[in-house]
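Asker: Below is start19.tsv; it holds TSV, C-alpha atoms.
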```tsv
chain	number	residue	atom	x	y	z
U	156	MET	CA	1.10	3.08	-21.81
U	157	SER	CA	-0.01	-0.47	-22.35
U	158	SER	CA	-1.11	-2.24	-19.18
U	159	SER	CA	0.29	-5.55	-20.38
U	160	THR	CA	3.89	-4.86	-19.37
U	161	PRO	CA	5.42	-2.96	-16.46
U	162	ALA	CA	7.11	0.33	-17.14
U	163	GLU	CA	10.82	0.30	-17.93
U	164	PRO	CA	12.69	1.58	-14.86
U	165	ALA	CA	14.80	4.68	-15.23
U	166	LYS	CA	18.16	3.84	-16.80
U	167	SER	CA	20.07	6.81	-15.47
U	168	ALA	CA	20.52	8.30	-12.06
U	169	LYS	CA	18.91	11.55	-11.05
U	170	SER	CA	20.83	14.54	-12.33
U	171	ALA	CA	21.07	17.05	-9.52
U	172	LYS	CA	21.90	20.67	-10.17
U	173	PRO	CA	25.22	21.67	-8.62
U	174	ALA	CA	24.89	23.76	-5.48
U	175	LYS	CA	25.58	27.47	-5.89
U	176	THR	CA	28.81	28.61	-4.31
U	177	THR	CA	30.03	31.90	-2.90
U	178	LYS	CA	33.46	33.06	-1.80
U	179	GLY	CA	34.04	32.97	1.93
U	180	ALA	CA	37.01	34.02	4.02
U	181	LYS	CA	40.30	34.15	2.12
U	182	GLY	CA	38.52	33.37	-1.13
U	183	ALA	CA	37.47	29.84	-0.17
U	184	LYS	CA	34.31	28.65	-1.95
U	185	VAL	CA	31.40	27.87	0.36
U	186	ALA	CA	28.30	26.05	-0.89
U	187	LYS	CA	25.04	27.88	-0.33
U	188	ALA	CA	22.26	25.95	1.37
U	189	PRO	CA	19.51	25.05	-1.10
U	190	LYS	CA	16.42	27.21	-0.93
U	191	PRO	CA	13.65	25.52	1.09
U	192	GLU	CA	10.82	24.13	-1.02
U	193	SER	CA	7.62	26.13	-0.72
U	194	HIS	CA	4.35	24.40	0.12
U	195	LEU	CA	3.03	25.15	-3.37
U	196	ALA	CA	6.13	23.65	-4.98
U	197	MET	CA	5.79	20.54	-2.80
U	198	VAL	CA	2.14	20.11	-3.80
U	199	ARG	CA	3.04	20.42	-7.48
U	200	ARG	CA	5.85	17.89	-7.08
U	201	ALA	CA	3.59	15.51	-5.15
U	202	ARG	CA	0.92	15.65	-7.84
U	203	ARG	CA	3.52	15.05	-10.52
U	204	ILE	CA	4.76	11.99	-8.61
U	205	ASN	CA	1.21	10.69	-8.59
U	206	ARG	CA	0.90	11.20	-12.35
U	207	GLU	CA	4.21	9.47	-12.95
U	208	LEU	CA	3.20	6.52	-10.74
U	209	ALA	CA	-0.05	6.23	-12.70
U	210	GLU	CA	2.07	5.68	-15.82
U	211	VAL	CA	4.32	3.15	-14.10
U	212	TYR	CA	1.50	1.22	-12.42
U	213	PRO	CA	-1.63	1.57	-14.60
U	214	TYR	CA	-2.71	-1.80	-13.20
U	215	ALA	CA	-2.36	-0.85	-9.49
U	216	HIS	CA	-5.01	-2.62	-7.41
U	217	PRO	CA	-5.70	-3.98	-3.92
U	218	GLU	CA	-3.40	-6.96	-3.43
U	219	LEU	CA	-5.88	-8.97	-1.40
U	220	ASP	CA	-8.11	-11.51	-3.15
U	221	PHE	CA	-11.81	-10.85	-2.51
U	222	ARG	CA	-15.18	-11.28	-4.18
U	223	ASN	CA	-17.39	-9.11	-1.97
U	224	PRO	CA	-17.14	-6.52	0.83
U	225	PHE	CA	-17.23	-9.16	3.58
U	226	GLU	CA	-14.26	-11.05	2.10
U	227	LEU	CA	-12.27	-7.83	1.70
U	228	LEU	CA	-13.03	-6.81	5.29
U	229	VAL	CA	-11.93	-10.19	6.65
U	230	ALA	CA	-8.82	-10.33	4.46
U	231	THR	CA	-7.78	-6.84	5.52
U	232	VAL	CA	-8.11	-7.71	9.21
U	233	LEU	CA	-6.01	-10.82	8.58
U	234	SER	CA	-3.33	-8.80	6.78
U	235	ALA	CA	-2.05	-7.19	9.99
U	236	GLN	CA	1.54	-8.23	10.74
U	237	THR	CA	1.78	-10.53	7.72
U	238	THR	CA	1.96	-10.38	3.92
U	239	ASP	CA	-0.98	-10.11	1.57
U	240	LEU	CA	0.37	-13.24	-0.11
U	241	ARG	CA	0.01	-15.28	3.07
U	242	VAL	CA	-3.51	-13.94	3.56
U	243	ASN	CA	-4.46	-14.82	-0.02
U	244	GLN	CA	-3.11	-18.32	0.46
U	245	THR	CA	-5.19	-18.71	3.64
U	246	THR	CA	-8.56	-17.18	2.80
U	247	PRO	CA	-9.79	-19.79	0.27
U	248	ALA	CA	-10.11	-22.38	3.04
U	249	LEU	CA	-11.48	-19.77	5.46
U	250	PHE	CA	-14.26	-18.62	3.13
U	251	ALA	CA	-15.07	-22.18	2.13
U	252	ALA	CA	-15.75	-22.89	5.80
U	253	TYR	CA	-17.40	-19.54	6.64
U	254	PRO	CA	-18.78	-17.85	3.51
U	255	THR	CA	-21.06	-15.36	5.31
U	256	PRO	CA	-21.00	-13.24	8.47
U	257	GLU	CA	-23.65	-15.53	9.94
U	258	ASP	CA	-21.43	-18.57	9.36
U	259	MET	CA	-18.36	-16.87	10.80
U	260	ALA	CA	-20.26	-15.57	13.82
U	261	ALA	CA	-21.13	-19.18	14.72
U	262	ALA	CA	-17.58	-20.51	14.21
U	263	VAL	CA	-15.85	-22.63	16.82
U	264	PRO	CA	-12.81	-20.47	17.73
U	265	GLU	CA	-10.34	-23.38	17.86
U	266	GLU	CA	-11.35	-24.51	14.39
U	267	MET	CA	-10.96	-21.05	12.90
U	268	GLU	CA	-7.61	-20.61	14.63
U	269	GLU	CA	-6.24	-23.65	12.83
U	270	ILE	CA	-7.31	-22.30	9.45
U	271	ILE	CA	-5.82	-18.82	9.90
U	272	ARG	CA	-2.75	-19.92	11.86
U	273	PRO	CA	-0.41	-19.18	8.87
U	274	THR	CA	-1.24	-15.47	9.12
U	275	GLY	CA	0.13	-15.16	12.67
U	276	PHE	CA	-1.55	-13.74	15.78
U	277	PHE	CA	-4.31	-16.22	14.97
U	278	ARG	CA	-5.99	-16.15	18.39
U	279	ALA	CA	-6.42	-12.37	18.42
U	280	LYS	CA	-7.49	-12.36	14.78
U	281	THR	CA	-10.03	-15.13	15.40
U	282	LYS	CA	-11.52	-13.09	18.23
U	283	SER	CA	-11.77	-10.02	15.98
U	284	LEU	CA	-13.27	-11.94	13.04
U	285	ILE	CA	-15.91	-13.64	15.14
U	286	GLY	CA	-16.63	-10.37	16.93
U	287	LEU	CA	-17.06	-8.33	13.76
U	288	SER	CA	-19.18	-11.10	12.22
U	289	VAL	CA	-21.49	-11.08	15.25
U	290	ALA	CA	-21.79	-7.30	14.92
U	291	LEU	CA	-22.54	-7.56	11.19
U	292	ARG	CA	-25.18	-10.20	11.87
U	293	ASP	CA	-26.85	-8.47	14.80
U	294	GLU	CA	-26.46	-4.79	13.95
U	295	PHE	CA	-26.24	-4.57	10.15
U	296	GLY	CA	-28.42	-7.39	8.88
U	297	GLY	CA	-25.43	-9.47	7.80
U	298	GLU	CA	-24.15	-6.74	5.45
U	299	VAL	CA	-20.90	-4.79	5.62
U	300	PRO	CA	-21.76	-1.11	6.21
U	301	GLY	CA	-20.53	1.45	3.70
U	302	ARG	CA	-19.76	4.24	6.18
U	303	LEU	CA	-16.49	4.93	7.96
U	304	GLU	CA	-18.16	5.68	11.27
U	305	ASP	CA	-19.88	2.27	11.24
U	306	LEU	CA	-16.87	0.27	10.09
U	307	VAL	CA	-14.50	1.57	12.76
U	308	LYS	CA	-16.89	0.39	15.47
U	309	LEU	CA	-16.39	-3.23	14.40
U	310	PRO	CA	-13.89	-5.32	16.42
U	311	GLY	CA	-10.40	-5.22	14.87
U	312	VAL	CA	-11.30	-2.51	12.34
U	313	GLY	CA	-9.44	0.81	12.34
U	314	ARG	CA	-9.30	3.68	9.86
U	315	LYS	CA	-6.80	1.91	7.60
U	316	THR	CA	-8.98	-1.19	7.25
U	317	ALA	CA	-12.12	0.92	6.88
U	318	ASN	CA	-10.57	2.99	4.08
U	319	VAL	CA	-9.45	-0.15	2.25
U	320	VAL	CA	-12.99	-1.52	2.33
U	321	LEU	CA	-14.67	1.77	1.46
U	322	GLY	CA	-12.34	2.53	-1.44
U	323	ASN	CA	-12.27	-0.91	-3.01
U	324	ALA	CA	-15.65	-2.43	-2.19
U	325	PHE	CA	-17.88	0.65	-2.16
U	326	GLY	CA	-16.09	3.17	-4.37
U	327	VAL	CA	-15.86	5.69	-1.51
U	328	PRO	CA	-12.53	7.60	-1.77
U	329	GLY	CA	-10.10	6.94	1.05
U	330	ILE	CA	-6.37	7.15	1.82
U	331	THR	CA	-4.85	3.96	3.21
U	332	VAL	CA	-1.85	4.77	5.39
U	333	ASP	CA	0.08	1.54	5.90
U	334	THR	CA	3.80	1.24	6.62
U	335	HIS	CA	4.71	1.56	2.92
U	336	PHE	CA	2.58	4.65	2.40
U	337	GLY	CA	3.89	6.38	5.52
U	338	ARG	CA	7.51	5.60	4.65
U	339	LEU	CA	7.27	6.94	1.10
U	340	VAL	CA	5.40	10.16	1.82
U	341	ARG	CA	8.06	10.99	4.41
U	342	ARG	CA	10.87	10.17	1.96
U	343	TRP	CA	9.18	12.41	-0.58
U	344	LYS	CA	8.90	15.18	2.06
U	345	TRP	CA	5.14	15.52	1.73
U	346	THR	CA	5.02	15.42	5.52
U	347	ASP	CA	7.19	14.51	8.48
U	348	GLU	CA	4.23	13.24	10.51
U	349	GLU	CA	4.49	9.72	11.94
U	350	ASP	CA	0.92	9.25	13.16
U	351	PRO	CA	-1.17	7.56	10.41
U	352	VAL	CA	-4.23	9.72	11.08
U	353	LYS	CA	-2.16	12.91	10.74
U	354	VAL	CA	-0.46	11.56	7.60
U	355	GLU	CA	-3.88	10.83	6.12
U	356	ALA	CA	-5.06	14.37	6.87
U	357	VAL	CA	-1.98	15.99	5.32
U	358	VAL	CA	-2.08	13.92	2.14
U	359	ALA	CA	-5.83	14.45	1.81
U	360	GLY	CA	-5.10	18.17	1.63
U	361	ILE	CA	-2.64	17.70	-1.25
U	362	PHE	CA	-4.80	15.67	-3.62
U	363	PRO	CA	-8.39	15.88	-4.82
U	364	LYS	CA	-10.69	13.32	-3.26
U	365	SER	CA	-11.13	11.51	-6.57
U	366	GLU	CA	-7.43	10.49	-6.46
U	367	TRP	CA	-7.28	9.15	-2.90
U	368	THR	CA	-7.95	5.45	-3.48
U	369	MET	CA	-5.75	5.01	-6.54
U	370	LEU	CA	-3.01	7.17	-5.03
U	371	SER	CA	-2.93	4.74	-2.11
U	372	HIS	CA	-2.53	1.75	-4.42
U	373	ARG	CA	0.20	3.41	-6.49
U	374	VAL	CA	2.25	4.47	-3.48
U	375	VAL	CA	1.98	1.04	-1.86
U	376	PHE	CA	2.87	-0.67	-5.14
U	377	HIS	CA	5.96	1.53	-5.45
U	378	GLY	CA	6.97	0.86	-1.86
U	379	ARG	CA	6.72	-2.89	-2.33
U	380	ARG	CA	8.43	-3.05	-5.69
U	381	ILE	CA	11.08	-0.33	-5.81
U	382	CYS	CA	11.25	2.00	-2.80
U	383	HIS	CA	11.93	-0.66	-0.17
U	384	ALA	CA	12.40	0.09	3.51
U	385	ARG	CA	15.99	-1.08	3.92
U	386	LYS	CA	17.48	-0.76	0.45
U	387	PRO	CA	15.47	1.25	-2.05
U	388	ALA	CA	16.34	0.66	-5.70
U	389	CYS	CA	17.10	4.33	-6.42
U	390	GLY	CA	19.00	3.61	-9.63
U	391	ALA	CA	15.99	1.84	-11.13
U	392	CYS	CA	13.38	4.29	-9.90
U	393	PRO	CA	11.35	6.06	-12.62
U	394	ILE	CA	10.55	9.00	-10.32
U	395	ALA	CA	14.11	9.53	-9.07
U	396	PRO	CA	14.30	13.12	-10.43
U	397	LEU	CA	11.34	14.04	-8.22
U	398	CYS	CA	12.64	12.39	-5.04
U	399	PRO	CA	14.45	14.53	-2.44
U	400	SER	CA	15.72	11.34	-0.77
U	401	TYR	CA	17.41	9.96	-3.87
U	402	GLY	CA	20.65	8.23	-2.90
U	403	GLU	CA	19.40	6.55	0.28
U	404	GLY	CA	19.52	3.28	-1.63
U	405	GLU	CA	21.46	1.65	-4.47
U	406	THR	CA	22.08	4.17	-7.27
U	407	ASP	CA	23.90	1.92	-9.74
U	408	PRO	CA	21.25	1.06	-12.38
U	409	GLU	CA	22.29	-2.57	-12.86
U	410	LYS	CA	22.58	-3.31	-9.15
U	411	ALA	CA	19.31	-1.50	-8.49
U	412	ARG	CA	17.43	-3.60	-11.06
U	413	LYS	CA	18.37	-6.71	-9.11
U	414	LEU	CA	16.47	-5.30	-6.13
U	415	LEU	CA	13.14	-4.99	-7.97
U	416	LYS	CA	10.33	-7.17	-6.64
U	417	TYR	CA	7.15	-8.79	-7.93
U	418	GLU	CA	6.30	-8.11	-11.58
U	419	MET	CA	8.95	-5.38	-11.82
U	420	GLY	CA	11.56	-8.05	-11.11
U	421	GLY	CA	9.85	-10.78	-13.12
U	422	TYR	CA	8.43	-12.61	-10.08
U	423	PRO	CA	4.88	-13.61	-9.04
U	424	GLY	CA	2.69	-11.06	-7.36
U	425	GLN	CA	0.78	-11.46	-4.12
U	426	ARG	CA	-2.65	-12.36	-5.50
U	427	LEU	CA	-3.67	-15.86	-6.47
U	428	SER	CA	-6.43	-14.28	-8.60
U	429	PRO	CA	-5.03	-10.97	-9.88
U	430	PRO	CA	-6.98	-8.59	-12.17
U	431	ALA	CA	-6.95	-9.37	-15.88
U	432	ASP	CA	-4.62	-6.44	-16.66
U	433	TYR	CA	-1.95	-7.44	-14.13
U	434	PRO	CA	1.28	-8.00	-16.13
U	435	GLY	CA	2.91	-10.35	-13.61
U	436	LYS	CA	2.45	-13.97	-12.62
U	437	PRO	CA	-0.26	-15.10	-10.16
U	438	ALA	CA	0.99	-16.15	-6.75
U	439	PRO	CA	1.10	-19.87	-5.92
U	440	ALA	CA	-1.49	-21.46	-3.65
U	441	LEU	CA	-0.49	-22.46	-0.12
U	442	GLY	CA	1.90	-25.41	-0.28
U	443	ALA	CA	2.36	-25.11	-4.04
U	444	GLY	CA	5.87	-23.69	-3.79
```
When written as structure tokens, how does the structure in this file appear?

Answerer:
Amino acid sequence: MSSSTPAEPAKSAKSAKPAKTTKGAKGAKVAKAPKPESHLAMVRRARRINRELAEVYPYAHPELDFRNPFELLVATVLSAQTTDLRVNQTTPALFAAYPTPEDMAAAVPEEMEEIIRPTGFFRAKTKSLIGLSVALRDEFGGEVPGRLEDLVKLPGVGRKTANVVLGNAFGVPGITVDTHFGRLVRRWKWTDEEDPVKVEAVVAGIFPKSEWTMLSHRVVFHGRRICHARKPACGACPIAPLCPSYGEGETDPEKARKLLKYEMGGYPGQRLSPPADYPGKPAPALGAG
């Protein structure tokens, strides 16, 4: 598939096999409960979903703008409780003022708060950013460490943030369990776990390590573009035949297409500086519309 255009969404709804029936009392037909899916069958279906998503989103990528590990770490911390778009619109001014951990460690908190105010929770985030910058300066020679056990010791950095940085700045495979990822893997019946650490462990057992980082991007892309939290676009979903939760959202193909977001719906993405193979439009800068 060419990476210049997004995949065409499915044009027809999932065709489900009719349930088997048996005759009950007085000859009435009673539907038999479907046979539970075996673990092996679930793994095969999960891996097929990943392959299908790779065809739909060959351009999947982290949706935070960054030029080095420090910028990705800071942007990921800022992304809590806000959109990647708002972070990307805010970080140019932030990195212009504090381009290195040493600069950020010496920041005046009130001045940083004003810069990152658009991302919300700016006081707590300022405290975390200054704290992690001090740690990078004093404990790691001003460099972002490339090990999970070191990253999670930094203020404001948990496993999710650490896996984002490791996978996208250091090439170390990791599974990023955000709200989109957790929602979709439960809809797909890969797991019913709610705790992100347990979700990560279950999914890590389904896929080879080499797939972890790109799987995370593909699932998050799908969650943001098609399989939304409140009203998934089931009728426009290219993996509908593989989804046991098909029908939770809009199944009419035309109505479903109107629910598509970002490049799938013909709208700008979240990055101001997207990768060269991204088929959508770059996001506008802060205040540009």

Asker: Considering only C-alpha atoms, can you say which of U:Val340, U:Ala440, U:Pro256, U:Val374 comes closest to Ser428 of chain U?

Answerer: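 When distances to Ser428 of chain U are compared using only C-alpha atoms, the smallest one comes from U:Ala440.
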
Asker: Name the residues within 8 Å of (-15.6, -25.4, 8.1), counting all atoms listed in the file in the file's coordinates, and put them as a ChimeraX atom specification.

Answerer: /U:249,251-253,266-267

Asker: Can I get the selected residues back with C-alpha atoms, as a PDB file, in the coordinates of the input?

Answerer:
```pdb
ATOM      1  CA  LEU U 249     -11.480 -19.770   5.460  1.00  0.00           C
ATOM      2  CA  ALA U 251     -15.070 -22.180   2.130  1.00  0.00           C
ATOM      3  CA  ALA U 252     -15.750 -22.890   5.800  1.00  0.00           C
ATOM      4  CA  TYR U 253     -17.400 -19.540   6.640  1.00  0.00           C
ATOM      5  CA  GLU U 266     -11.350 -24.510  14.390  1.00  0.00           C
ATOM      6  CA  MET U 267     -10.960 -21.050  12.900  1.00  0.00           C
TER       7      MET U 267
END
```

Asker: With 12 Å as the threshold, what does the neighbourhood of (-0.6, -23.8, -0.5) contain in terms of residues, counting only C-alpha atoms? Coordinates are those of the file; answer as a list in words.

Answerer: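 With a cut-off of 12 Å, the residues come to Leu240, Arg241, Val242, Asn243, Gln244, Thr245, Thr246, Pro247, Ala248, Pro273, Leu427, Ala438, Pro439, Ala440, Leu441, Gly442, Ala443 and Gly444 of chain U.
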
Asker: In terms of the shortest atom-to-atom distance over all atoms listed in the file, which of U:Gln425, U:Asn205, U:Thr331, U:Thr255 is closest to Trp343 of chain U?

Answerer: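 The answer is U:Asn205, which sits nearest to Trp343 of chain U.
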
Asker: Can you measure atom CA of Arg199 of chain U to atom CA of Ala215 of chain U for me? One decimal in Å is fine.

Answerer: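 We find that atom CA of Arg199 of chain U and atom CA of Ala215 of chain U lie 22.0 Å from each other.
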
Asker: Tell me, in Å to one decimal, how far atom CA of Gly329 of chain U is from atom CA of Lys353 of chain U.

Answerer: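 Calculated distance between atom CA of Gly329 of chain U and atom CA of Lys353 of chain U is 13.9 Å.
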
Asker: Within 10 Å of Arg278 of chain U, counting only C-alpha atoms, which residues show up once you throw out same-chain ones fewer than 2 positions away? Write them as an MDAnalysis selection string, please.

Answerer: chainID U and resid 264:265 267:269 271:272 275:276 280:284

Asker: When you look at Glu418 of chain U with a cut-off of 10 Å (counting only C-alpha atoms), what residues show up, excluding the ones that are within fewer than 6 positions of it in the same chain? I need them as a list in words.

Answerer: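 What passes the distance filter is Thr160, Pro161, Arg380, Gly424, Gln425, Tyr433, Pro434, Gly435, Lys436 and Pro437 of chain U.
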
Asker: Between atom CA of Gly378 of chain U and atom CA of Ala209 of chain U, what is the spacing in Å?

Answerer: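 About the pair atom CA of Ala209 of chain U and atom CA of Gly378 of chain U: they are 14.0 Å apart.
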
Asker: Let me know the centre plus edge lengths, in Å and rounded to one decimal, of a box with edges along x, y and z that contains all listed atoms of segment 361-369 of chain U and is padded by 8 Å on every side, as lines of an AutoDock Vina configuration file.

Answerer:
```
center_x = -6.9
center_y = 11.4
center_z = -3.9
size_x = 24.5
size_y = 28.7
size_z = 21.3
```

Asker: Pick from U:Cys389, U:Val357, U:Ala395, U:Leu303: nearest to Asn318 of chain U, with all atoms listed in the file counted?

Answerer: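 Of the candidates, the smallest distance to Asn318 of chain U is held by U:Leu303.
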
Asker: Nearest residue to Phe221 of chain U out of U:Val319, U:Pro399, U:Glu405, U:Asp333, using all atoms listed in the file?

Answerer: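 Between U:Val319, U:Pro399, U:Glu405, U:Asp333, the residue approaching Phe221 of chain U most closely is U:Val319.
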
Asker: Taking all atoms listed in the file into account, name the residue in U:Ala388, U:Val211, U:Cys398, U:Ala317 that is nearest to Arg412 of chain U.

Answerer: U:Ala388

Asker: Could you complete segment 270-285 of chain U so that it carries N, CA and C atoms, and give it back as a CSV table (one decimal), in the frame of the given file?

Answerer:
```csv
chain,number,residue,atom,x,y,z
U,270,ILE,N,-7.3,-22.7,10.9
U,270,ILE,CA,-7.3,-22.3,9.4
U,270,ILE,C,-6.4,-21.1,9.2
U,271,ILE,N,-6.5,-20.1,10.1
U,271,ILE,CA,-5.8,-18.8,9.9
U,271,ILE,C,-4.5,-18.8,10.6
U,272,ARG,N,-4.0,-19.9,11.2
U,272,ARG,CA,-2.8,-19.9,11.9
U,272,ARG,C,-1.6,-19.4,11.0
U,273,PRO,N,-1.5,-19.7,9.7
U,273,PRO,CA,-0.4,-19.2,8.9
U,273,PRO,C,-0.3,-17.7,8.8
U,274,THR,N,-1.3,-16.9,9.2
U,274,THR,CA,-1.2,-15.5,9.1
U,274,THR,C,-0.7,-14.9,10.4
U,275,GLY,N,-0.4,-15.7,11.4
U,275,GLY,CA,0.1,-15.2,12.7
U,275,GLY,C,-0.9,-14.5,13.5
U,276,PHE,N,-0.6,-14.4,14.8
U,276,PHE,CA,-1.6,-13.7,15.8
U,276,PHE,C,-3.0,-14.3,15.6
U,277,PHE,N,-3.0,-15.6,15.4
U,277,PHE,CA,-4.3,-16.2,15.0
U,277,PHE,C,-5.4,-16.2,16.1
U,278,ARG,N,-5.0,-16.2,17.3
U,278,ARG,CA,-6.0,-16.2,18.4
U,278,ARG,C,-6.7,-14.8,18.4
U,279,ALA,N,-5.9,-13.7,18.4
U,279,ALA,CA,-6.4,-12.4,18.4
U,279,ALA,C,-7.2,-12.1,17.2
U,280,LYS,N,-6.8,-12.6,16.0
U,280,LYS,CA,-7.5,-12.4,14.8
U,280,LYS,C,-8.8,-13.1,14.8
U,281,THR,N,-8.8,-14.3,15.3
U,281,THR,CA,-10.0,-15.1,15.4
U,281,THR,C,-11.1,-14.4,16.2
U,282,LYS,N,-10.6,-13.8,17.4
U,282,LYS,CA,-11.5,-13.1,18.2
U,282,LYS,C,-12.1,-11.9,17.5
U,283,SER,N,-11.3,-11.2,16.7
U,283,SER,CA,-11.8,-10.0,16.0
U,283,SER,C,-12.7,-10.4,14.9
U,284,LEU,N,-12.4,-11.5,14.2
U,284,LEU,CA,-13.3,-11.9,13.0
U,284,LEU,C,-14.6,-12.4,13.5
U,285,ILE,N,-14.6,-13.2,14.6
U,285,ILE,CA,-15.9,-13.6,15.1
U,285,ILE,C,-16.7,-12.5,15.7
```
